[in-house]
Amino acid sequence: MPNIVVVGTQWGDEGKGKIVDLLTAQAQVVVRYQGGNNAGHTLVVGQEKFIFHLIPSGILHDGTLCLIGNGVVLDPEVLLAEIDRLQSRGIAVGPENLRISERTQVIMPYHRRLDVAREEARGVGRIGTTGRGIGPCYEDKAARRGIRMADLVNPEILRAKVWEVLPEKNFLLEKWLGAEPFRPEDILEPYQEMGQRLKALLANVSVLLNNAARDGQNILFEGAQGTHLDIDHGTYPFVTSSNPVAGGASIGTGLGPRQLHHILGIVKAYTTRVGGGPFPTECLDEVGTHLQKEGMEFGSTTGRPRRCGWLDLVVLKEAVRLNGLTGLAITKLDVLTTLNPVKICVAYEVDGTRRDSMPATLAELERCRPVFEELPGWQADLRGVRRFADLPAATQNYLRRVEELAGVPIQIISVGPEREETVIIQNPFQG
Ligand code: GDP
């Protein structure tokens with residue numbers, strides 16, 4: 001019966017995909033509530049590696065209904081390619097297991113081109129966008145000139161909207177950014193066709209979810225990116241254009257906030273960041289190289305190497321507060337093996353004073369120096385461990401300290417990429 005929101009507590013790439021996949025086995029409904037195809041969950045099932053950009057990974061489970069909420073921005077080309085790829089591997093995708101909100105905003109080709117051209121124009125001040133049109137699409141949503149899925153599947157409305165928005169987009173592309181403009185016909189034909197292919201998947205996701213909740217089904221809300229990439233609460237402007245925090249689950253799907261029973265925060269045992277922005281615990285030494293190599297910290301969507309550093313409890317405690325976390329899932333604990341000592345950042349020092357919350361401005365965050373607590377490391381391989389009591393004493397000690405500092409119980413520990421490489425302390429669907 002409980003509904004669970006899974007949310008990243010850091011800057012994304014916490015290993016949410018694996019935890020979502022584990023929990024999906026017990027959920028009847030899995031729903032995405034924000035972001036676009038800049039998410040990139042990687043899942044290893046047996047010998048097969050699956051990368052999901054848009055469709056909830058629940059699609060791998062028989063009988064699970066996957067939903068894409070109104071808070072998502074959807075690139076139909078990417079979605080159709082993802083559907084085709086799954087089907088070519090024998091996984092059927094249709095209205096019985098995938099539904100998309102009629103209110104979901106559509107990423108159009110001019111969004112992608114604007115994204116890339118603007119990022120290039122920024123030069124050294126780049127914010128590290130993935131160039132997939134996600135930011136420009138959210139801009140159009142707020143400006144009330146977005147195209148939604150319900151428009152995409154209606155050829156007449158699509159035509160009218162494209163003709164309406166294109167002159168402004170072309171003006172920006174050509175005159176401001178020096179990029180190629182679009183002719184309406186370049187867009188209309190392929191997008192009308194894609195609309196027809198996707199038409200059968202449209203639904204009122206809010207109604208589906210409310211019905212599922214009324215019927216006592218388990219619903220899993222799958223957050224993309226992470227808390228500190230939240231457009232309101234993150235390290236602005238090095239953020240994404242949506243609200244990954246748990247509150248976004250309600251806005252981005254149309255299920256009221258009282259129905260969000262558990263908020264599970266995914267915490268990677270160290271910290272990573274893609275692209276620019278301040279990162280107080282970043283390690284530019286051999287520890288950073290160890291984390292990058294052992295943790296295979298290269299973006300699954302972009303292939304970009306990630307910046308790596310120690311676990312930051314200031315960051316985590318902020319996530320506890322912003323999301324109202326009820327439990328933690330620690331991931332990639334195995335990556336810390338052989339590091340000695342293991343460090344946790346417990347506070348920042350700024351201009352000689354200690355602080356334990358994140359400042360609102362980048363200038364102040366850039367001046368924050370981490371205050372570390374050092375704990376003994378461990379040498380034993382953790383990947384075979386399935387019970388907390390079988391973890392080395394130093395590992396248990398480390399986890400207890402994280403739990404104590406965060407003030408939220410650890411419910412799941414991931415010790416390897418495979419589904420079974422997991423220690424379950426408390427199943428959030430049963431508590
Ligand atoms: P996500 O978007 O939050 O799912 O994060 P990523 O796409 O960066 O996925 C994390 C990567 O780490 C994937 O390649 C997973 O297979 C892998 N992974 C997940 N959990 C663990 C773990 O506990 N240990 C190790 N070594 N790898 C893991």
# chains A, B, ... in the order shown; residues from 1 in each chain; ligands from 1
>>> residues_near_ligand(ligand="ligand 1", cutoff="7 Å", atoms="only C-alpha atoms and all ligand atoms", output="ChimeraX atom specification")
/A:8,12-18,39-44,224-225,294-295,297,299-300,331-335,414-418
>>> write_last_selection(atoms="N, CA and C atoms", output="tab-separated table (two decimals), in the first residue's frame")
chain	number	residue	atom	x	y	z
A	8	GLY	N	17.30	11.39	-5.44
A	8	GLY	CA	18.75	11.51	-5.28
A	8	GLY	C	19.05	12.60	-4.26
A	12	GLY	N	22.81	14.01	-8.42
A	12	GLY	CA	22.43	13.02	-9.42
A	12	GLY	C	23.47	11.91	-9.53
A	13	ASP	N	23.17	10.89	-10.33
A	13	ASP	CA	24.07	9.75	-10.55
A	13	ASP	C	24.37	8.99	-9.27
A	14	GLU	N	23.42	8.94	-8.37
A	14	GLU	CA	23.65	8.27	-7.08
A	14	GLU	C	23.47	6.76	-7.18
A	15	GLY	N	23.03	6.30	-8.35
A	15	GLY	CA	22.72	4.86	-8.47
A	15	GLY	C	21.24	4.61	-8.19
A	16	LYS	N	20.42	5.61	-8.49
A	16	LYS	CA	18.97	5.49	-8.26
A	16	LYS	C	18.38	4.35	-9.07
A	17	GLY	N	18.92	4.17	-10.30
A	17	GLY	CA	18.36	3.17	-11.21
A	17	GLY	C	18.27	1.79	-10.58
A	18	LYS	N	19.34	1.37	-9.94
A	18	LYS	CA	19.36	0.04	-9.34
A	18	LYS	C	18.35	-0.08	-8.20
A	39	ALA	N	18.28	12.21	-17.86
A	39	ALA	CA	18.47	11.19	-16.84
A	39	ALA	C	19.17	10.05	-17.57
A	40	GLY	N	19.77	9.14	-16.88
A	40	GLY	CA	20.37	8.03	-17.58
A	40	GLY	C	20.62	6.94	-16.58
A	41	HIS	N	19.59	6.15	-16.35
A	41	HIS	CA	19.76	5.05	-15.41
A	41	HIS	C	20.40	3.88	-16.13
A	42	THR	N	21.41	3.32	-15.50
A	42	THR	CA	22.04	2.14	-16.08
A	42	THR	C	21.66	0.96	-15.21
A	43	LEU	N	21.23	-0.10	-15.82
A	43	LEU	CA	20.86	-1.29	-15.06
A	43	LEU	C	21.57	-2.50	-15.62
A	44	VAL	N	22.08	-3.31	-14.71
A	44	VAL	CA	22.71	-4.55	-15.14
A	44	VAL	C	21.82	-5.68	-14.68
A	224	ALA	N	14.54	11.89	-11.11
A	224	ALA	CA	15.76	11.94	-11.91
A	224	ALA	C	16.65	13.05	-11.35
A	225	GLN	N	17.91	13.03	-11.71
A	225	GLN	CA	18.90	13.98	-11.16
A	225	GLN	C	18.92	13.89	-9.63
A	294	GLU	N	37.21	3.14	-9.84
A	294	GLU	CA	36.49	2.03	-9.22
A	294	GLU	C	34.97	2.20	-9.36
A	295	GLY	N	34.53	3.45	-9.30
A	295	GLY	CA	33.09	3.70	-9.38
A	295	GLY	C	32.60	3.86	-10.81
A	297	GLU	N	32.92	6.30	-12.90
A	297	GLU	CA	32.17	7.56	-12.90
A	297	GLU	C	32.30	8.32	-14.22
A	299	GLY	N	29.55	9.66	-17.27
A	299	GLY	CA	28.11	9.84	-17.50
A	299	GLY	C	27.54	8.81	-18.47
A	300	SER	N	26.40	8.21	-18.10
A	300	SER	CA	25.81	7.19	-18.98
A	300	SER	C	25.13	7.84	-20.18
A	331	THR	N	24.54	3.71	-1.69
A	331	THR	CA	24.97	2.95	-2.87
A	331	THR	C	26.49	3.03	-3.04
A	332	LYS	N	27.00	2.08	-3.80
A	332	LYS	CA	28.42	2.05	-4.20
A	332	LYS	C	29.38	2.05	-3.03
A	333	LEU	N	28.93	1.43	-1.94
A	333	LEU	CA	29.78	1.34	-0.76
A	333	LEU	C	31.07	0.58	-1.08
A	334	ASP	N	30.97	-0.41	-1.97
A	334	ASP	CA	32.13	-1.22	-2.36
A	334	ASP	C	33.25	-0.39	-2.95
A	335	VAL	N	32.91	0.78	-3.51
A	335	VAL	CA	33.92	1.61	-4.17
A	335	VAL	C	34.91	2.20	-3.15
A	414	SER	N	23.81	-0.80	-1.01
A	414	SER	CA	24.19	-1.45	-2.27
A	414	SER	C	25.70	-1.65	-2.28
A	415	VAL	N	26.12	-2.89	-2.54
A	415	VAL	CA	27.55	-3.22	-2.49
A	415	VAL	C	28.10	-3.67	-3.85
A	416	GLY	N	27.32	-3.43	-4.90
A	416	GLY	CA	27.75	-3.80	-6.25
A	416	GLY	C	26.64	-3.48	-7.22
A	417	PRO	N	26.96	-3.47	-8.53
A	417	PRO	CA	25.94	-3.07	-9.50
A	417	PRO	C	24.79	-4.08	-9.69
A	418	GLU	N	25.01	-5.34	-9.38
A	418	GLU	CA	23.98	-6.35	-9.63
A	418	GLU	C	22.83	-6.24	-8.63
>>> select_by_dssp(residues="stretch 84-249 of chain A", states="alpha helix (DSSP H)", output="PyMOL selection string")
chain A and resi 84-88+109-122+134-142+149-152+155-171+184-198+205-214+247-249
>>> residues_around(residues="A:Ile413", least_positions_apart="4", cutoff="9 Å", atoms="only C-alpha atoms", output="list in words")
Leu328, Ala329, Ile330, Thr331, Lys332, Leu333, Phe388, Glu421, Thr422, Val423, Ile424 and Ile425 of chain A
>>> closest_residue(among="A:Ile219, A:Ile83, A:Leu208, A:Val73", to="A:Ile55", atoms="only C-alpha atoms")
A:Ile83
>>> residues_around(residues="stretch 368-384 of chain A", least_positions_apart="2", cutoff="8 Å", atoms="only C-alpha atoms", output="ChimeraX atom specification")
/A:280-281,333-334,336-351,364-366,386,391-392,394-395,398,415-416,421
>>> write_last_selection(atoms="N, CA and C atoms", output="tab-separated table (two decimals), in the first residue's frame")
chain	number	residue	atom	x	y	z
A	280	PRO	N	32.62	21.35	-2.62
A	280	PRO	CA	33.57	21.47	-1.51
A	280	PRO	C	34.42	20.23	-1.22
A	281	THR	N	33.88	19.01	-1.39
A	281	THR	CA	34.69	17.84	-1.00
A	281	THR	C	35.43	17.21	-2.19
A	333	LEU	N	28.93	1.43	-1.94
A	333	LEU	CA	29.78	1.34	-0.76
A	333	LEU	C	31.07	0.58	-1.08
A	334	ASP	N	30.97	-0.41	-1.97
A	334	ASP	CA	32.13	-1.22	-2.36
A	334	ASP	C	33.25	-0.39	-2.95
A	336	LEU	N	34.47	2.32	-1.90
A	336	LEU	CA	35.36	2.88	-0.86
A	336	LEU	C	36.40	1.85	-0.37
A	337	THR	N	36.17	0.58	-0.66
A	337	THR	CA	37.07	-0.48	-0.20
A	337	THR	C	38.52	-0.18	-0.59
A	338	THR	N	39.42	-0.37	0.34
A	338	THR	CA	40.88	-0.14	0.28
A	338	THR	C	41.28	1.31	0.58
A	339	LEU	N	40.36	2.25	0.56
A	339	LEU	CA	40.74	3.63	0.93
A	339	LEU	C	40.90	3.68	2.45
A	340	ASN	N	41.98	4.32	2.89
A	340	ASN	CA	42.22	4.40	4.33
A	340	ASN	C	43.02	5.67	4.64
A	341	PRO	N	42.50	6.56	5.49
A	341	PRO	CA	41.19	6.51	6.15
A	341	PRO	C	40.07	6.84	5.17
A	342	VAL	N	38.83	6.66	5.67
A	342	VAL	CA	37.66	7.08	4.91
A	342	VAL	C	37.18	8.37	5.56
A	343	LYS	N	36.90	9.37	4.72
A	343	LYS	CA	36.53	10.67	5.29
A	343	LYS	C	35.06	11.01	5.05
A	344	ILE	N	34.51	11.74	6.02
A	344	ILE	CA	33.15	12.29	5.88
A	344	ILE	C	33.26	13.78	6.17
A	345	CYS	N	32.69	14.58	5.32
A	345	CYS	CA	32.67	16.03	5.58
A	345	CYS	C	31.48	16.30	6.50
A	346	VAL	N	31.77	16.84	7.69
A	346	VAL	CA	30.70	17.02	8.68
A	346	VAL	C	30.24	18.47	8.78
A	347	ALA	N	31.02	19.39	8.24
A	347	ALA	CA	30.66	20.82	8.27
A	347	ALA	C	31.55	21.55	7.29
A	348	TYR	N	31.27	22.82	7.09
A	348	TYR	CA	32.15	23.66	6.26
A	348	TYR	C	32.77	24.72	7.15
A	349	GLU	N	33.90	25.21	6.68
A	349	GLU	CA	34.49	26.35	7.33
A	349	GLU	C	34.55	27.47	6.28
A	350	VAL	N	33.95	28.59	6.61
A	350	VAL	CA	33.97	29.74	5.68
A	350	VAL	C	34.51	30.94	6.42
A	351	ASP	N	35.54	31.50	5.89
A	351	ASP	CA	36.16	32.70	6.46
A	351	ASP	C	36.34	32.56	7.98
A	364	GLU	N	29.79	32.19	-1.88
A	364	GLU	CA	30.05	31.69	-0.53
A	364	GLU	C	30.39	30.19	-0.55
A	365	LEU	N	29.65	29.44	-1.37
A	365	LEU	CA	29.91	27.99	-1.43
A	365	LEU	C	31.32	27.73	-1.94
A	366	GLU	N	31.78	28.55	-2.85
A	366	GLU	CA	33.14	28.39	-3.36
A	366	GLU	C	34.19	28.60	-2.27
A	386	ARG	N	25.52	-9.90	2.25
A	386	ARG	CA	24.07	-9.72	2.12
A	386	ARG	C	23.39	-9.31	3.43
A	391	LEU	N	29.12	-7.31	7.39
A	391	LEU	CA	30.02	-6.26	6.90
A	391	LEU	C	31.19	-6.13	7.87
A	392	PRO	N	32.39	-5.76	7.39
A	392	PRO	CA	33.52	-5.56	8.31
A	392	PRO	C	33.14	-4.51	9.38
A	394	ALA	N	34.66	-1.98	10.49
A	394	ALA	CA	34.93	-0.59	10.10
A	394	ALA	C	33.84	-0.06	9.17
A	395	THR	N	33.30	-0.94	8.33
A	395	THR	CA	32.24	-0.53	7.40
A	395	THR	C	30.96	-0.24	8.20
A	398	TYR	N	31.32	3.04	9.89
A	398	TYR	CA	31.15	4.15	8.93
A	398	TYR	C	29.66	4.40	8.68
A	415	VAL	N	26.12	-2.89	-2.54
A	415	VAL	CA	27.55	-3.22	-2.49
A	415	VAL	C	28.10	-3.67	-3.85
A	416	GLY	N	27.32	-3.43	-4.90
A	416	GLY	CA	27.75	-3.80	-6.25
A	416	GLY	C	26.64	-3.48	-7.22
A	421	GLU	N	23.43	-7.80	-5.27
A	421	GLU	CA	24.52	-7.26	-4.45
A	421	GLU	C	23.99	-6.14	-3.55
>>> select_by_dssp(residues="stretch 341-375 of chain A", states="strand (DSSP E or B)", output="list in words")
Val342, Lys343, Ile344, Cys345, Val346, Ala347, Tyr348, Glu349, Val350, Thr353, Arg354, Arg355, Arg369, Pro370, Val371, Phe372, Glu373, Glu374 and Leu375 of chain A
>>> write_last_selection(atoms="N, CA and C atoms", output="mmCIF file, in the first residue's frame")
data_model
loop_
_atom_site.group_PDB
_atom_site.id
_atom_site.type_symbol
_atom_site.label_atom_id
_atom_site.label_comp_id
_atom_site.auth_asym_id
_atom_site.auth_seq_id
_atom_site.Cartn_x
_atom_site.Cartn_y
_atom_site.Cartn_z
ATOM 1 N N VAL A 342 38.830 6.659 5.671
ATOM 2 C CA VAL A 342 37.658 7.079 4.913
ATOM 3 C C VAL A 342 37.182 8.370 5.557
ATOM 4 N N LYS A 343 36.901 9.366 4.725
ATOM 5 C CA LYS A 343 36.533 10.672 5.292
ATOM 6 C C LYS A 343 35.065 11.010 5.052
ATOM 7 N N ILE A 344 34.509 11.741 6.023
ATOM 8 C CA ILE A 344 33.155 12.286 5.882
ATOM 9 C C ILE A 344 33.257 13.779 6.171
ATOM 10 N N CYS A 345 32.691 14.583 5.318
ATOM 11 C CA CYS A 345 32.666 16.030 5.578
ATOM 12 C C CYS A 345 31.479 16.304 6.501
ATOM 13 N N VAL A 346 31.767 16.838 7.689
ATOM 14 C CA VAL A 346 30.696 17.023 8.684
ATOM 15 C C VAL A 346 30.237 18.473 8.783
ATOM 16 N N ALA A 347 31.021 19.393 8.237
ATOM 17 C CA ALA A 347 30.661 20.818 8.274
ATOM 18 C C ALA A 347 31.554 21.546 7.287
ATOM 19 N N TYR A 348 31.268 22.818 7.089
ATOM 20 C CA TYR A 348 32.146 23.658 6.260
ATOM 21 C C TYR A 348 32.771 24.719 7.145
ATOM 22 N N GLU A 349 33.902 25.205 6.677
ATOM 23 C CA GLU A 349 34.491 26.354 7.327
ATOM 24 C C GLU A 349 34.548 27.472 6.284
ATOM 25 N N VAL A 350 33.951 28.594 6.606
ATOM 26 C CA VAL A 350 33.966 29.737 5.678
ATOM 27 C C VAL A 350 34.506 30.943 6.417
ATOM 28 N N THR A 353 34.736 30.733 10.117
ATOM 29 C CA THR A 353 33.609 30.263 10.938
ATOM 30 C C THR A 353 33.064 28.952 10.394
ATOM 31 N N ARG A 354 32.559 28.148 11.334
ATOM 32 C CA ARG A 354 32.037 26.840 10.961
ATOM 33 C C ARG A 354 30.549 26.971 10.658
ATOM 34 N N ARG A 355 30.102 26.297 9.603
ATOM 35 C CA ARG A 355 28.661 26.293 9.321
ATOM 36 C C ARG A 355 28.243 24.899 8.875
ATOM 37 N N ARG A 369 35.324 25.442 2.940
ATOM 38 C CA ARG A 369 36.336 24.383 3.025
ATOM 39 C C ARG A 369 35.744 23.260 3.850
ATOM 40 N N PRO A 370 35.923 22.001 3.426
ATOM 41 C CA PRO A 370 35.318 20.901 4.183
ATOM 42 C C PRO A 370 36.009 20.652 5.523
ATOM 43 N N VAL A 371 35.207 20.376 6.542
ATOM 44 C CA VAL A 371 35.748 19.916 7.830
ATOM 45 C C VAL A 371 35.521 18.404 7.830
ATOM 46 N N PHE A 372 36.611 17.642 7.832
ATOM 47 C CA PHE A 372 36.482 16.190 7.697
ATOM 48 C C PHE A 372 36.577 15.472 9.032
ATOM 49 N N GLU A 373 35.821 14.378 9.100
ATOM 50 C CA GLU A 373 35.992 13.433 10.191
ATOM 51 C C GLU A 373 36.622 12.208 9.530
ATOM 52 N N GLU A 374 37.654 11.646 10.152
ATOM 53 C CA GLU A 374 38.319 10.492 9.531
ATOM 54 C C GLU A 374 37.950 9.209 10.256
ATOM 55 N N LEU A 375 37.616 8.197 9.492
ATOM 56 C CA LEU A 375 37.286 6.902 10.085
ATOM 57 C C LEU A 375 38.180 5.836 9.450
#
>>> atom_distance(atom1="atom CA of A:Glu222", atom2="atom CA of A:Ser250")
11.7 Å
>>> closest_atom_pairs(of="stretch 85-148 of chain A", to="stretch 252-260 of chain A", cutoff="10 Å", atoms="only C-alpha atoms", output="JSON lines")
{"residue": "A:Ser101", "atom": "CA", "partner": "A:Thr253", "partner_atom": "CA", "distance": 8.2}
{"residue": "A:Arg103", "atom": "CA", "partner": "A:Thr253", "partner_atom": "CA", "distance": 9.6}
{"residue": "A:Thr104", "atom": "CA", "partner": "A:Gly252", "partner_atom": "CA", "distance": 9.1}
>>> write_last_selection(atoms="C-alpha atoms", output="compact mmCIF listing (two decimals), in the first residue's frame")
# COMPACT_ATOMS: atom_id res chain seq x y z
CA SER A 101 0.40 12.22 -19.54
CA ARG A 103 -0.01 17.30 -20.29
CA THR A 104 3.64 16.29 -20.69
>>> closest_residue(among="A:Thr326, A:Trp11, A:His261, A:Ala203", to="A:Pro278", atoms="only C-alpha atoms")
A:Trp11
>>> closest_atom_pairs(of="stretch 246-298 of chain A", to="stretch 229-238 of chain A", cutoff="9 Å", atoms="only C-alpha atoms", output="Markdown table")
| residue | atom | partner | partner_atom | distance |
| --- | --- | --- | --- | --- |
| A:Gly275 | CA | A:Phe238 | CA | 8.4 |
| A:Gly276 | CA | A:Phe238 | CA | 6.8 |
| A:Gly277 | CA | A:Phe238 | CA | 5.7 |
| A:Pro278 | CA | A:Thr235 | CA | 8.0 |
>>> write_last_selection(atoms="N, CA and C atoms", output="PDB file, in the first residue's frame")
ATOM      1  N   GLY A 275      30.034  18.345 -14.839  1.00  0.00           N
ATOM      2  CA  GLY A 275      30.031  19.738 -15.288  1.00  0.00           C
ATOM      3  C   GLY A 275      30.506  20.693 -14.210  1.00  0.00           C
ATOM      4  N   GLY A 276      30.160  21.966 -14.363  1.00  0.00           N
ATOM      5  CA  GLY A 276      30.696  23.000 -13.481  1.00  0.00           C
ATOM      6  C   GLY A 276      29.987  23.081 -12.144  1.00  0.00           C
ATOM      7  N   GLY A 277      30.358  24.112 -11.373  1.00  0.00           N
ATOM      8  CA  GLY A 277      29.716  24.364 -10.086  1.00  0.00           C
ATOM      9  C   GLY A 277      30.586  24.009  -8.915  1.00  0.00           C
ATOM     10  N   PRO A 278      30.381  24.697  -7.778  1.00  0.00           N
ATOM     11  CA  PRO A 278      31.198  24.453  -6.595  1.00  0.00           C
ATOM     12  C   PRO A 278      30.999  23.050  -6.027  1.00  0.00           C
TER      13      PRO A 278
END
>>> residues_around(residues="stretch 191-199 of chain A", least_positions_apart="6", cutoff="12 Å", atoms="only C-alpha atoms", output="PDB file with C-alpha atoms, in the first residue's frame")
ATOM      1  CA  LEU A  74       9.596  14.340 -23.459  1.00  0.00           C
ATOM      2  CA  ASP A  75      11.572  14.048 -26.685  1.00  0.00           C
ATOM      3  CA  PRO A  76       9.372  11.843 -28.885  1.00  0.00           C
ATOM      4  CA  GLU A  77      12.301  10.801 -31.056  1.00  0.00           C
ATOM      5  CA  VAL A  78      14.180   9.536 -28.011  1.00  0.00           C
ATOM      6  CA  LEU A  79      11.110   7.829 -26.586  1.00  0.00           C
ATOM      7  CA  LEU A  80      10.366   5.993 -29.823  1.00  0.00           C
ATOM      8  CA  ALA A  81      14.000   4.922 -30.162  1.00  0.00           C
ATOM      9  CA  ILE A  83      10.667   1.729 -27.264  1.00  0.00           C
ATOM     10  CA  ASP A  84      12.140   0.223 -30.446  1.00  0.00           C
ATOM     11  CA  VAL A  93       5.913  -1.885 -24.875  1.00  0.00           C
ATOM     12  CA  GLY A  94       2.328  -0.694 -25.310  1.00  0.00           C
ATOM     13  CA  PRO A  95      -0.607   0.929 -23.505  1.00  0.00           C
ATOM     14  CA  LEU A  98       3.445   2.444 -20.635  1.00  0.00           C
ATOM     15  CA  ARG A  99       1.269   5.555 -20.392  1.00  0.00           C
ATOM     16  CA  ILE A 100       2.192   9.202 -20.942  1.00  0.00           C
ATOM     17  CA  SER A 101       0.398  12.219 -19.540  1.00  0.00           C
ATOM     18  CA  GLU A 102      -1.469  14.293 -22.110  1.00  0.00           C
ATOM     19  CA  VAL A 106       7.259  17.945 -25.831  1.00  0.00           C
ATOM     20  CA  ILE A 107      10.905  18.676 -26.612  1.00  0.00           C
ATOM     21  CA  MET A 108      10.968  20.048 -30.140  1.00  0.00           C
ATOM     22  CA  PRO A 109      13.985  20.165 -32.482  1.00  0.00           C
ATOM     23  CA  ILE A 147       3.640  22.014 -27.068  1.00  0.00           C
ATOM     24  CA  ARG A 148       2.153  19.222 -24.985  1.00  0.00           C
ATOM     25  CA  MET A 149       1.604  15.574 -25.843  1.00  0.00           C
ATOM     26  CA  ALA A 150      -2.101  16.250 -26.407  1.00  0.00           C
ATOM     27  CA  ASP A 151      -1.067  18.809 -29.080  1.00  0.00           C
ATOM     28  CA  LEU A 152       1.494  16.534 -30.686  1.00  0.00           C
ATOM     29  CA  VAL A 153      -1.109  13.896 -31.478  1.00  0.00           C
ATOM     30  CA  ASN A 154      -3.483  16.430 -33.072  1.00  0.00           C
ATOM     31  CA  PRO A 155      -2.087  17.373 -36.522  1.00  0.00           C
ATOM     32  CA  GLU A 156      -4.097  20.609 -36.815  1.00  0.00           C
ATOM     33  CA  ILE A 157      -3.184  21.932 -33.391  1.00  0.00           C
ATOM     34  CA  LEU A 158       0.440  20.946 -33.889  1.00  0.00           C
ATOM     35  CA  ARG A 159       0.552  22.829 -37.185  1.00  0.00           C
ATOM     36  CA  VAL A 162       4.538  25.300 -34.718  1.00  0.00           C
ATOM     37  CA  PRO A 184       7.859  24.513 -40.561  1.00  0.00           C
ATOM     38  CA  GLU A 185       7.668  21.556 -42.918  1.00  0.00           C
TER      39      GLU A 185
END
>>> atom_distance(atom1="atom CA of A:Tyr110", atom2="atom CA of A:Gly248")
26.2 Å
>>> closest_residue(among="A:Gly303, A:Gly58, A:Pro244, A:Gly216", to="A:Gly36", atoms="only C-alpha atoms")
A:Pro244
>>> atom_distance(atom1="atom CA of A:Gln87", atom2="atom CA of A:Ala200")
16.5 Å
>>> closest_residue(among="A:Val274, A:Ile134, A:Arg400, A:Arg307", to="A:Gln34", atoms="only C-alpha atoms")
A:Ile134
>>> closest_residue(among="A:Arg273, A:His290, A:Arg367, A:Arg321", to="A:Arg304", atoms="only C-alpha atoms")
A:Arg273
>>> residues_around(residues="A:Arg145", least_positions_apart="6", cutoff="12 Å", atoms="only C-alpha atoms", output="PyMOL selection string")
chain A and resi 105-106+108+136-139+151+158+160-166+168-169
>>> residues_around(residues="A:Thr271", least_positions_apart="4", cutoff="8 Å", atoms="only C-alpha atoms", output="MDAnalysis selection string")
chainID A and resid 10:11 281:282 308:312
>>> write_last_selection(atoms="N, CA, C and O atoms", output="compact mmCIF listing (two decimals), in the first residue's frame")
# COMPACT_ATOMS: atom_id res chain seq x y z
N GLN A 10 22.15 13.94 -3.78
CA GLN A 10 23.36 14.71 -4.07
C GLN A 10 23.17 15.46 -5.38
O GLN A 10 22.20 16.20 -5.53
N TRP A 11 24.09 15.29 -6.32
CA TRP A 11 23.96 15.99 -7.61
C TRP A 11 23.62 15.01 -8.74
O TRP A 11 24.09 15.15 -9.86
N THR A 281 33.88 19.01 -1.39
CA THR A 281 34.69 17.84 -1.00
C THR A 281 35.43 17.21 -2.19
O THR A 281 35.93 16.09 -2.09
N GLU A 282 35.47 17.92 -3.30
CA GLU A 282 36.13 17.36 -4.49
C GLU A 282 37.57 16.95 -4.17
O GLU A 282 38.31 17.67 -3.49
N CYS A 308 34.93 13.78 -8.61
CA CYS A 308 34.68 12.90 -7.46
C CYS A 308 35.25 13.46 -6.17
O CYS A 308 36.26 14.16 -6.18
N GLY A 309 34.61 13.13 -5.05
CA GLY A 309 35.11 13.54 -3.74
C GLY A 309 34.45 12.76 -2.62
O GLY A 309 33.58 11.91 -2.86
N TRP A 310 34.83 13.08 -1.39
CA TRP A 310 34.30 12.38 -0.22
C TRP A 310 32.82 12.70 0.01
O TRP A 310 32.31 13.72 -0.46
N LEU A 311 32.19 11.84 0.79
CA LEU A 311 30.78 12.04 1.16
C LEU A 311 30.65 13.34 1.95
O LEU A 311 31.44 13.62 2.85
N ASP A 312 29.63 14.11 1.62
CA ASP A 312 29.43 15.42 2.23
C ASP A 312 28.12 15.40 3.02
O ASP A 312 27.03 15.36 2.44
